Structure formats: C-alpha cells, structure tokens
>>> print(open('final.txt').read())   # compact mmCIF, C-alpha atoms and all ligand atoms
# COMPACT_ATOMS: atom_id res chain seq x y z
CA MET X 1 207.44 126.38 252.76
CA THR X 2 204.82 125.87 255.46
CA VAL X 3 201.89 123.58 254.73
CA PHE X 4 198.73 124.12 256.73
CA VAL X 5 196.12 121.40 256.98
CA PRO X 6 192.97 123.09 258.31
CA GLN X 7 190.05 120.98 259.51
CA SER X 8 187.29 123.53 258.95
CA LEU X 9 186.32 126.33 256.56
CA ASP X 10 186.75 128.84 259.41
CA GLU X 11 190.35 127.72 259.80
CA VAL X 12 190.91 128.13 256.04
CA VAL X 13 189.50 131.66 256.17
CA ASP X 14 191.63 132.53 259.22
CA ARG X 15 194.73 131.30 257.42
CA LEU X 16 193.82 133.27 254.29
CA ARG X 17 193.28 136.38 256.41
CA ALA X 18 196.90 136.08 257.50
CA ASP X 19 198.20 134.93 254.08
CA PRO X 20 195.82 136.08 251.31
CA ASP X 21 198.19 134.80 248.62
CA ALA X 22 198.62 131.33 250.11
CA THR X 23 198.54 128.51 247.57
CA LEU X 24 195.37 126.44 247.95
CA ILE X 25 195.59 122.76 247.06
CA ALA X 26 192.60 120.43 246.93
CA GLY X 27 193.29 117.19 245.02
CA GLY X 28 196.50 118.62 243.59
CA THR X 29 195.91 117.10 240.14
CA ASP X 30 196.35 120.49 238.44
CA ALA X 31 198.38 122.40 241.02
CA MET X 32 201.05 119.73 241.54
CA VAL X 33 201.50 119.23 237.79
CA GLU X 34 202.06 122.97 237.33
CA ILE X 35 204.46 123.12 240.26
CA ASN X 36 206.38 120.00 239.17
CA ASP X 37 206.64 121.34 235.60
CA GLY X 38 207.94 124.66 236.89
CA HIS X 39 204.98 126.60 235.46
CA ARG X 40 203.95 127.78 238.91
CA ARG X 41 205.86 128.60 242.09
CA PRO X 42 203.93 127.88 245.26
CA GLY X 43 204.06 130.64 247.84
CA ASP X 44 205.72 130.24 251.21
CA VAL X 45 202.37 129.13 252.57
CA VAL X 46 200.38 126.21 251.19
CA VAL X 47 196.90 125.39 252.47
CA ALA X 48 195.74 121.80 251.90
CA LEU X 49 191.95 121.69 251.67
CA ASP X 50 191.28 117.97 251.64
CA ARG X 51 190.54 117.61 255.39
CA VAL X 52 187.89 120.33 255.44
CA ALA X 53 184.61 118.51 256.03
CA GLU X 54 182.42 121.43 254.78
CA LEU X 55 184.20 121.33 251.43
CA ARG X 56 183.93 117.55 251.14
CA SER X 57 180.15 117.37 251.62
CA TRP X 58 177.00 118.17 249.65
CA ARG X 59 173.37 118.81 250.52
CA HIS X 60 170.07 118.51 248.70
CA ASP X 61 167.41 121.13 249.36
CA PRO X 62 164.07 119.79 248.07
CA ALA X 63 162.32 123.08 248.92
CA SER X 64 164.44 125.09 246.47
CA GLY X 65 165.07 122.13 244.15
CA THR X 66 168.83 122.55 244.34
CA VAL X 67 171.93 120.61 245.25
CA THR X 68 174.86 122.40 246.87
CA ILE X 69 178.18 120.67 246.23
CA GLY X 70 181.23 121.41 248.37
CA ALA X 71 184.27 122.51 246.37
CA GLY X 72 186.17 119.44 247.60
CA VAL X 73 183.71 116.87 246.25
CA THR X 74 185.52 114.57 243.82
CA TYR X 75 184.53 113.33 240.38
CA THR X 76 184.17 109.81 241.79
CA GLU X 77 181.59 111.11 244.24
CA LEU X 78 179.78 113.06 241.50
CA MET X 79 179.51 109.85 239.44
CA ALA X 80 177.62 107.98 242.16
CA PRO X 81 173.95 108.23 243.17
CA PRO X 82 172.25 110.21 244.50
CA LEU X 83 174.30 113.07 243.01
CA ALA X 84 174.43 111.30 239.64
CA THR X 85 170.66 110.89 239.68
CA TRP X 86 170.00 114.56 240.33
CA LEU X 87 172.78 115.87 238.09
CA PRO X 88 173.24 113.29 235.29
CA ALA X 89 175.22 115.59 232.99
CA LEU X 90 177.72 116.34 235.74
CA ALA X 91 178.09 112.61 236.36
CA GLU X 92 178.58 112.01 232.63
CA ALA X 93 181.21 114.75 232.42
CA SER X 94 182.93 113.39 235.53
CA ARG X 95 183.20 109.94 233.95
CA THR X 96 185.24 111.46 231.11
CA VAL X 97 187.83 113.07 233.42
CA GLY X 98 191.31 111.51 233.42
CA SER X 99 191.68 108.10 235.06
CA PRO X 100 190.20 106.56 238.23
CA GLN X 101 193.13 107.99 240.23
CA ILE X 102 192.49 111.51 238.89
CA ARG X 103 188.74 111.15 239.48
CA ASN X 104 189.36 110.04 243.08
CA ALA X 105 191.56 113.06 243.83
CA GLY X 106 190.35 115.78 241.45
CA THR X 107 187.58 118.06 242.68
CA LEU X 108 184.91 120.30 241.19
CA GLY X 109 186.39 123.26 243.10
CA GLY X 110 189.79 122.52 241.56
CA ASN X 111 188.24 122.44 238.08
CA LEU X 112 186.77 125.90 238.78
CA GLY X 113 190.02 127.13 240.38
CA THR X 114 192.05 126.17 237.30
CA CYS X 115 189.31 127.44 234.94
CA SER X 116 190.73 125.79 231.84
CA PRO X 117 188.47 126.20 228.79
CA ALA X 118 188.73 122.39 228.60
CA GLY X 119 187.65 121.74 232.21
CA ASP X 120 185.00 119.04 231.86
CA GLY X 121 182.86 120.11 234.81
CA LEU X 122 182.54 123.69 233.64
CA PRO X 123 180.17 123.44 230.63
CA VAL X 124 177.77 121.50 232.84
CA LEU X 125 177.85 124.15 235.55
CA ALA X 126 177.37 126.86 232.91
CA ALA X 127 174.44 125.08 231.24
CA LEU X 128 172.79 124.61 234.63
CA ASP X 129 173.28 128.29 235.58
CA ALA X 130 175.18 127.26 238.70
CA THR X 131 176.20 129.77 241.34
CA VAL X 132 179.52 129.73 243.16
CA ARG X 133 179.90 130.74 246.82
CA LEU X 134 183.19 132.44 247.62
CA VAL X 135 184.19 132.90 251.26
CA SER X 136 186.82 135.16 252.79
CA ALA X 137 187.52 137.00 256.04
CA ASP X 138 185.30 139.81 254.69
CA GLY X 139 182.29 137.50 254.42
CA GLU X 140 180.87 135.67 251.44
CA ARG X 141 179.65 136.51 247.96
CA ILE X 142 177.73 134.46 245.47
CA VAL X 143 178.51 134.80 241.78
CA SER X 144 177.11 133.05 238.73
CA VAL X 145 179.49 130.58 237.18
CA GLY X 146 179.46 132.79 234.06
CA GLU X 147 180.78 135.71 236.12
CA PHE X 148 183.28 133.47 237.89
CA MET X 149 184.95 132.25 234.67
CA VAL X 150 186.69 135.35 233.37
CA GLY X 151 189.02 133.92 230.71
CA VAL X 152 191.66 131.31 229.95
CA LYS X 153 192.64 130.07 233.42
CA ARG X 154 191.35 133.35 234.88
CA THR X 155 188.65 133.57 237.52
CA ALA X 156 186.88 136.22 239.58
CA LEU X 157 188.48 134.77 242.74
CA ARG X 158 190.08 137.52 244.85
CA PRO X 159 193.11 137.14 247.11
CA GLY X 160 192.01 135.69 250.44
CA GLU X 161 188.95 133.96 248.96
CA VAL X 162 188.21 130.25 248.85
CA ILE X 163 185.56 128.54 246.73
CA ALA X 164 183.20 127.06 249.32
CA ASP X 165 180.56 125.39 247.16
CA VAL X 166 178.49 125.40 244.00
CA THR X 167 174.70 125.37 243.89
CA VAL X 168 172.90 123.81 240.94
CA PRO X 169 169.21 123.29 240.22
CA VAL X 170 167.78 119.78 239.95
CA LEU X 171 165.86 119.93 236.68
CA THR X 172 163.21 117.73 235.13
CA GLY X 173 164.30 116.85 231.61
CA TRP X 174 167.09 115.22 229.70
CA GLN X 175 170.68 116.40 230.11
CA GLY X 176 173.99 115.13 228.81
CA TYR X 177 177.63 115.89 228.14
CA ALA X 178 179.87 114.90 225.25
CA LYS X 179 183.44 115.64 224.32
CA VAL X 180 185.83 114.97 221.48
CA GLY X 181 189.50 114.29 222.09
CA VAL X 182 192.38 112.69 220.30
CA ARG X 183 191.65 109.34 221.98
CA ASN X 184 188.90 107.77 224.06
CA ALA X 185 190.29 108.04 227.60
CA MET X 186 192.69 110.21 229.63
CA VAL X 187 192.15 113.04 227.23
CA ILE X 188 191.69 116.77 227.39
CA ALA X 189 188.74 117.82 225.22
CA VAL X 190 189.37 119.53 221.89
CA ALA X 191 185.64 120.32 221.84
CA ALA X 192 182.92 119.65 224.40
CA ALA X 193 179.26 120.46 224.95
CA CYS X 194 176.61 120.08 227.61
CA LEU X 195 172.91 120.20 226.77
CA VAL X 196 170.33 120.62 229.50
CA VAL X 197 166.56 120.42 229.00
CA ASP X 198 164.22 122.06 231.50
CA ALA X 199 161.08 120.36 230.23
CA PRO X 200 158.44 122.02 232.48
CA ALA X 201 159.82 125.44 231.52
CA ARG X 202 160.13 124.37 227.84
CA ARG X 203 163.74 125.62 227.87
CA VAL X 204 167.07 124.26 226.70
CA ALA X 205 170.59 125.40 227.54
CA ILE X 206 173.82 124.50 225.81
CA ALA X 207 177.34 125.36 226.96
CA LEU X 208 180.54 124.68 225.03
CA GLY X 209 184.03 123.80 226.23
CA SER X 210 187.41 124.08 224.48
CA VAL X 211 186.07 126.31 221.71
CA GLY X 212 186.69 129.70 223.29
CA PRO X 213 188.76 131.46 225.94
CA THR X 214 186.33 130.10 228.49
CA VAL X 215 183.07 128.16 228.50
CA LEU X 216 180.48 129.68 226.15
CA ARG X 217 176.70 129.63 226.25
CA CYS X 218 174.78 129.86 222.95
CA PRO X 219 171.64 131.95 223.62
CA GLU X 220 170.52 132.12 219.99
CA ALA X 221 170.81 128.36 219.52
CA GLU X 222 169.01 127.74 222.82
CA VAL X 223 166.02 129.92 221.93
CA PHE X 224 165.86 128.43 218.44
CA LEU X 225 165.84 124.81 219.66
CA ALA X 226 163.31 125.44 222.42
CA GLY X 227 161.02 127.05 219.82
CA ALA X 228 161.53 124.29 217.27
CA VAL X 229 160.64 121.44 219.64
CA GLU X 230 157.11 120.08 219.73
CA TRP X 231 157.03 119.58 223.49
CA ASN X 232 155.27 116.58 224.99
CA ALA X 233 152.09 117.59 226.75
CA VAL X 234 152.00 114.49 228.97
CA GLU X 235 153.19 114.46 232.55
CA PRO X 236 155.87 113.98 233.63
CA PRO X 237 157.34 116.30 231.04
CA SER X 238 159.84 114.22 229.12
CA GLY X 239 160.99 116.24 226.14
CA GLY X 240 159.47 116.27 222.71
CA ARG X 241 160.06 115.95 218.97
CA VAL X 242 162.26 118.02 216.71
CA ALA X 243 162.60 118.00 212.94
CA ALA X 244 165.93 116.89 211.49
CA ALA X 245 166.23 120.17 209.55
CA ASP X 246 165.81 122.14 212.79
CA LEU X 247 168.47 120.01 214.45
CA ALA X 248 170.83 120.94 211.61
CA ARG X 249 170.00 124.63 212.06
CA PHE X 250 170.62 124.30 215.81
CA ALA X 251 174.05 122.78 215.13
CA GLU X 252 174.80 125.63 212.73
CA LEU X 253 173.91 128.24 215.37
CA VAL X 254 176.16 126.46 217.87
CA ARG X 255 179.04 126.45 215.37
CA THR X 256 178.50 130.18 214.85
CA ALA X 257 178.66 130.84 218.60
CA ALA X 258 181.99 129.00 218.99
CA ARG X 259 185.20 131.06 219.12
CA PRO X 260 187.84 128.35 218.66
CA ILE X 261 191.56 128.75 218.14
CA THR X 262 194.16 126.54 216.52
CA ASP X 263 196.71 125.15 218.98
CA HIS X 264 198.77 122.01 219.56
CA ARG X 265 195.62 119.93 220.18
CA SER X 266 193.50 120.84 217.16
CA THR X 267 192.60 123.40 214.53
CA ALA X 268 189.96 126.06 214.88
CA GLU X 269 188.15 124.61 211.84
CA TYR X 270 187.96 121.11 213.31
CA ARG X 271 186.86 122.42 216.71
CA ARG X 272 184.04 124.45 215.12
CA HIS X 273 182.89 121.46 213.09
CA ALA X 274 183.15 119.05 216.04
CA VAL X 275 181.19 121.19 218.46
CA GLY X 276 178.30 121.38 215.97
CA VAL X 277 178.32 117.59 215.66
CA LEU X 278 178.32 117.24 219.46
CA ALA X 279 175.43 119.70 219.79
CA ALA X 280 173.32 117.83 217.21
CA ARG X 281 174.10 114.48 218.84
CA LEU X 282 173.15 115.74 222.28
CA ALA X 283 169.91 117.24 221.01
CA GLY X 284 169.24 113.97 219.16
CA ARG X 285 169.58 112.14 222.47
CA GLY X 286 167.40 114.64 224.31
CA PHE X 287 164.58 114.77 221.79
CA GLU X 288 162.96 112.44 219.30
CA VAL X 289 164.17 113.44 215.84
CA VAL X 290 161.57 113.31 213.06
CA GLU X 291 162.04 113.92 209.37
CA GLU X 292 159.09 116.26 208.83
CA ALA X 293 158.69 119.66 210.48
CA ALA X 294 157.55 119.34 214.11
C1 LIG X 301 196.59 112.98 234.16
C2 LIG X 301 195.57 114.06 234.29
C3 LIG X 301 194.40 113.98 233.55
C4 LIG X 301 193.44 114.99 233.65
N1 LIG X 301 192.30 114.87 232.91
C5 LIG X 301 191.36 115.84 232.99
C6 LIG X 301 190.17 115.74 232.21
O1 LIG X 301 189.94 114.78 231.46
N2 LIG X 301 189.26 116.74 232.34
C7 LIG X 301 189.44 117.82 233.17
O2 LIG X 301 188.58 118.69 233.26
N3 LIG X 301 190.58 117.94 233.91
C8 LIG X 301 191.52 116.97 233.83
N4 LIG X 301 192.67 117.08 234.57
C9 LIG X 301 192.85 118.29 235.39
C10 LIG X 301 192.38 118.16 236.86
O3 LIG X 301 192.29 116.82 237.27
C11 LIG X 301 191.02 118.83 237.10
O4 LIG X 301 191.02 120.17 236.66
C12 LIG X 301 190.60 118.77 238.57
O5 LIG X 301 189.26 119.16 238.69
C13 LIG X 301 191.45 119.66 239.47
O6 LIG X 301 190.98 119.46 240.80
P1 LIG X 301 191.99 119.36 242.03
O7 LIG X 301 191.19 119.20 243.25
O8 LIG X 301 193.04 118.35 241.79
O9 LIG X 301 192.61 120.83 241.96
P2 LIG X 301 194.05 121.36 242.48
O10 LIG X 301 195.12 120.90 241.58
O11 LIG X 301 194.19 121.06 243.95
O12 LIG X 301 193.80 122.91 242.31
C14 LIG X 301 193.60 123.48 241.04
C15 LIG X 301 193.51 124.99 241.17
O13 LIG X 301 192.33 125.35 241.85
C16 LIG X 301 192.64 126.04 243.05
N5 LIG X 301 191.68 125.55 244.05
C17 LIG X 301 191.40 124.26 244.36
N6 LIG X 301 190.41 124.21 245.28
C18 LIG X 301 190.08 125.50 245.54
C19 LIG X 301 189.12 126.11 246.40
N7 LIG X 301 188.27 125.40 247.16
N8 LIG X 301 189.04 127.46 246.42
C20 LIG X 301 189.86 128.21 245.64
N9 LIG X 301 190.79 127.70 244.81
C21 LIG X 301 190.88 126.37 244.76
C22 LIG X 301 194.08 125.73 243.37
O14 LIG X 301 194.68 126.77 244.08
C23 LIG X 301 194.65 125.60 241.97
O15 LIG X 301 194.92 126.87 241.43
C24 LIG X 301 193.64 116.09 234.51
C25 LIG X 301 194.83 116.17 235.27
C26 LIG X 301 195.78 115.17 235.17
C27 LIG X 301 197.03 115.27 235.99
>>> encode(input="final.txt", output="structure tokens", more="lines below")
Ligand SMILES: Cc1cc2nc3c(=O)[nH]c(=O)nc-3n(C[C@H](O)[C@H](O)[C@H](O)COP(=O)(O)OP(=O)(O)OC[C@H]3O[C@@H](n4cnc5c(N)ncnc54)[C@H](O)[C@@H]3O)c2cc1C
Amino acid sequence: MTVFVPQSLDEVVDRLRADPDATLIAGGTDAMVEINDGHRRPGDVVVALDRVAELRSWRHDPASGTVTIGAGVTYTELMAPPLATWLPALAEASRTVGSPQIRNAGTLGGNLGTCSPAGDGLPVLAALDATVRLVSADGERIVSVGEFMVGVKRTALRPGEVIADVTVPVLTGWQGYAKVGVRNAMVIAVAAACLVVDAPARRVAIALGSVGPTVLRCPEAEVFLAGAVEWNAVEPPSGGRVAAADLARFAELVRTAARPITDHRSTAEYRRHAVGVLAARLAGRGFEVVEEAA
C-alpha cells in the first residue's frame, strides 16, 4: 500500500483525480478501527489528511454570521473558545465524544465521513442547517447536511471527492446537546438530541441521533414548540416561557418522529422513550418552564 501525505487541498484533489477510490484517513479513530477489525480493506492508496492546513483551520465571517470549520478540525478544538462560544451545542457534543485521546485525533469531517446514526457531531450540524462543501477534480459542490447523510453509514460523497469544510450559522439563542448511553463516558449514544433556538427568528430546531437510520429532524415538534413559547420581547432576545403541558406535548411529538430499532445497544422502546426525555430536558434548559399555559 502507498500512503500519501499531501500538504494542501490541491494535492489531495490531484491524488484523488489519479486514485478516486483512495482511502482517506483523517484522525483514523473510525477508519483504523474498521481496518484493524477486518471490517474494511484499505485500497492500495491511502491519503492521510492530517497535514492539510486548509482542512485543519476555521474562519468566522461576521458579515454572513457563519463559521466555516475545516473537515480536519478536532473535537478538542471545537470545545475551546472562540468556536465553543459561537457554537455551544457543537462544543457540548464534542465533550461527550470518546476520551481525550479520541477528541484530540477525531475530526468533524471524519464524523461526517463515517455517518453513523450515533455520530455526536451530526445532530448538531443537522439542527443548525449546516452545509457541507465537497471538493473534487471536477470542482466543488455544496450540499445541506441533510442531503449529505443518506443512511446508516452512507453519504452523498462521490468517488474522488473530499469533504473540505462545513459552514454553520452563529445564532442568537440557547442551544444544547444531550445523549443517553449505557455509561457516562466513552460511550456511543443509544439516543441523542440537539436543540437549537434562533431567538430573533422565534424558531427552534431539534435533531435526533441514534433513533433512526440517520439523523432526524422533527419539523412538527419544532413548529409546535416555537408556537407554544411566549417569547421574550426584551433585547437581546434570550428565549421565553413555555407551559409544562406544552413541553410534554413537544416530547410526545419528538417520540413520534423517532424511528428507532432494537439492536445490541438498546431496544426501540427505550430509545423512543429516552429521546422524548432528552427533548423535554433540552427545551427545559432553553426556556423557562411554567405550570400555567404561556
Ligand atoms: C474508543 C472510541 C470512542 C469513540 N467515541 C465516539 C463518540 O463518543 N461519539 C462519536 O460520535 N464517535 C465516537 N468515535 C468514533 C470517531 O472517533 C468519530 O466518528 C470521529 O469523528 C472520526 O473522525 P476521524 O478523523 O478519526 O475519522 P477517520 O477514522 O480518519 O475517518 C472516518 C471516515 O471518514 C472518512 N473521512 C475522513 N475525513 C474525510 C474527509 N475530509 N473527506 C472525506 N472523507 C473523509 C474516512 O475515509 C473514513 O471513511 C469513537 C471511536 C473510538 C475508537
């Protein structure tokens, strides 16, 4: 096997032009496990991405109110300011990934590349309506993260393409991530949820992990919660109040949107229950819960 260690995105693209089916490796925390376990055979050509500066960097664009994160940015980097300040749910999700060693090596691009329904970064990207930039010798295309995640460990990535970066909006409003696993650390989620509040737009978004073939958004629950909240009129917009009964209805709508299965980690019934609990807890952190109707 030949291992290439390109120093720039152009070099990656040139290599992929010659070998469209080359195996890409970023942190290797998924790819090497699959190769070592015999679940995956690397091709004759391996391209290591960790020296590519464009993939390892990020940029904030105040004019568009977005942050663009290179595919090779690690969880450890996502947990630190200023990225953690702009994207608190992504930082919170990153803190739940594996161990410090995994968070130092594992990347957001690798999470997307694997596209596990349990990938912790993915519900956050889905709730934030992130876009993914894919680059190849033919040029580049930008797809929504919803279009990118096609199914269980299946993506819209074509041969010869590399994930260059992900662009996410910096929102004003509360956002958070929560997951349930069989223990507190080093655990793959059996259910996960990310709730994002866009307070000026009076909108909420919720995306679920580990309760479907890929990450799921819950449009009905989102519209219901946004309509049930009595939004604060004061500036800066900071959220609002929601009645406990409406929170329960929101959790019910989230449970209905889930499409869980039973596998070696959990049962479909438990997953459906757990994701409703997570949704209600997140909304209870994002909004003030009152007993009477808001
Ligand atoms: C002990 C352990 C604990 C873990 N815990 C968690 C956890 O709690 N939560 C979680 O979500 N994950 C967890 N993981 C999985 C893994 O760490 C993450 O999915 C991580 O984000 C993978 O990133 P990576 O850079 O290591 O990807 P790699 O292993 O390098 O690559 C993963 C896949 O993505 C492709 N890829 C990588 N970069 C690109 C790119 N730029 N363009 C196109 N394709 C690309 C690769 O070809 C490969 O198919 C764990 C793994 C281990 C070993």
>>> residues_around(input="final.txt", residues="Thr2 (chain X)", least_positions_apart="6", cutoff="10 Å", atoms="only C-alpha atoms", output="JSON, numbers by chain")
{"X": [22, 43, 44, 45, 46, 47]}
>>> atom_distance(input="final.txt", atom1="CA of Ala91 (chain X)", atom2="CA of Gly176 (chain X)")
9.0 Å
>>> atom_distance(input="final.txt", atom1="CA of Ala93 (chain X)", atom2="atom C5 of ligand LIG 301 (chain X)")
10.2 Å
>>> residues_near_ligand(input="final.txt", ligand="ligand LIG 301 (chain X)", cutoff="7 Å", atoms="only C-alpha atoms and all ligand atoms", output="PDB file with C-alpha atoms, keeping the file's coordinate frame")
ATOM      1  CA  THR X  23     198.540 128.510 247.570  1.00  0.00           C
ATOM      2  CA  LEU X  24     195.370 126.440 247.950  1.00  0.00           C
ATOM      3  CA  ILE X  25     195.590 122.760 247.060  1.00  0.00           C
ATOM      4  CA  ALA X  26     192.600 120.430 246.930  1.00  0.00           C
ATOM      5  CA  GLY X  27     193.290 117.190 245.020  1.00  0.00           C
ATOM      6  CA  GLY X  28     196.500 118.620 243.590  1.00  0.00           C
ATOM      7  CA  THR X  29     195.910 117.100 240.140  1.00  0.00           C
ATOM      8  CA  ASP X  30     196.350 120.490 238.440  1.00  0.00           C
ATOM      9  CA  ALA X  31     198.380 122.400 241.020  1.00  0.00           C
ATOM     10  CA  MET X  32     201.050 119.730 241.540  1.00  0.00           C
ATOM     11  CA  VAL X  33     201.500 119.230 237.790  1.00  0.00           C
ATOM     12  CA  LEU X  49     191.950 121.690 251.670  1.00  0.00           C
ATOM     13  CA  ALA X  71     184.270 122.510 246.370  1.00  0.00           C
ATOM     14  CA  GLY X  72     186.170 119.440 247.600  1.00  0.00           C
ATOM     15  CA  THR X  96     185.240 111.460 231.110  1.00  0.00           C
ATOM     16  CA  VAL X  97     187.830 113.070 233.420  1.00  0.00           C
ATOM     17  CA  GLY X  98     191.310 111.510 233.420  1.00  0.00           C
ATOM     18  CA  SER X  99     191.680 108.100 235.060  1.00  0.00           C
ATOM     19  CA  ILE X 102     192.490 111.510 238.890  1.00  0.00           C
ATOM     20  CA  ALA X 105     191.560 113.060 243.830  1.00  0.00           C
ATOM     21  CA  GLY X 106     190.350 115.780 241.450  1.00  0.00           C
ATOM     22  CA  THR X 107     187.580 118.060 242.680  1.00  0.00           C
ATOM     23  CA  LEU X 108     184.910 120.300 241.190  1.00  0.00           C
ATOM     24  CA  GLY X 109     186.390 123.260 243.100  1.00  0.00           C
ATOM     25  CA  GLY X 110     189.790 122.520 241.560  1.00  0.00           C
ATOM     26  CA  ASN X 111     188.240 122.440 238.080  1.00  0.00           C
ATOM     27  CA  LEU X 112     186.770 125.900 238.780  1.00  0.00           C
ATOM     28  CA  GLY X 113     190.020 127.130 240.380  1.00  0.00           C
ATOM     29  CA  THR X 114     192.050 126.170 237.300  1.00  0.00           C
ATOM     30  CA  ALA X 118     188.730 122.390 228.600  1.00  0.00           C
ATOM     31  CA  GLY X 119     187.650 121.740 232.210  1.00  0.00           C
ATOM     32  CA  ASP X 120     185.000 119.040 231.860  1.00  0.00           C
ATOM     33  CA  GLY X 121     182.860 120.110 234.810  1.00  0.00           C
ATOM     34  CA  GLU X 161     188.950 133.960 248.960  1.00  0.00           C
ATOM     35  CA  VAL X 162     188.210 130.250 248.850  1.00  0.00           C
ATOM     36  CA  ILE X 163     185.560 128.540 246.730  1.00  0.00           C
ATOM     37  CA  ALA X 164     183.200 127.060 249.320  1.00  0.00           C
ATOM     38  CA  MET X 186     192.690 110.210 229.630  1.00  0.00           C
ATOM     39  CA  VAL X 187     192.150 113.040 227.230  1.00  0.00           C
ATOM     40  CA  ILE X 188     191.690 116.770 227.390  1.00  0.00           C
TER      41      ILE X 188
END
>>> residues_around(input="final.txt", residues="His273 (chain X)", least_positions_apart="2", cutoff="12 Å", atoms="only C-alpha atoms", output="list of chain:residue names")
X:Val180, X:Val190, X:Ala191, X:Ala192, X:Val211, X:Ala251, X:Glu252, X:Leu253, X:Val254, X:Arg255, X:Thr256, X:Ala257, X:Ala258, X:Arg259, X:Pro260, X:Ser266, X:Thr267, X:Ala268, X:Glu269, X:Tyr270, X:Arg271, X:Val275, X:Gly276, X:Val277, X:Leu278, X:Ala279, X:Ala280
>>> closest_residue(input="final.txt", among="X:Met1, X:Val196, X:Leu157, X:Ala189", to="Ser136 (chain X)", atoms="only C-alpha atoms")
X:Leu157
>>> axis_aligned_box(input="final.txt", around="region 261-270 of chain X", padding_each_side="6 Å", output="lines of an AutoDock Vina configuration file")
center_x = 193.4
center_y = 124.3
center_z = 216.0
size_x = 22.8
size_y = 20.8
size_z = 20.3
>>> atom_distance(input="final.txt", atom1="CA of Arg249 (chain X)", atom2="CA of Arg272 (chain X)")
14.4 Å
>>> residues_around(input="final.txt", residues="Ala233 (chain X)", least_positions_apart="6", cutoff="10 Å", atoms="all atoms listed in the file", output="PyMOL selection string")
chain X and resi 200+239-240
>>> closest_residue(input="final.txt", among="X:Arg154, X:Arg40, X:Arg17, X:Arg103", to="Ala137 (chain X)", atoms="only C-alpha atoms")
X:Arg17
>>> closest_residue(input="final.txt", among="X:Asp263, X:Glu92, X:Glu292, X:Asp165", to="Leu195 (chain X)", atoms="all atoms listed in the file")
X:Glu92
>>> closest_residue(input="final.txt", among="X:Arg95, X:Glu140, X:Val290, X:Val52", to="Met79 (chain X)", atoms="all atoms listed in the file")
X:Arg95
>>> residues_around(input="final.txt", residues="Asp10 (chain X)", least_positions_apart="2", cutoff="10 Å", atoms="all atoms listed in the file", output="PyMOL selection string")
chain X and resi 6-8+12-16+52+54+135-137
>>> closest_residue(input="final.txt", among="X:Val204, X:Val289, X:Val234, X:Val168", to="Gly65 (chain X)", atoms="all atoms listed in the file")
X:Val168
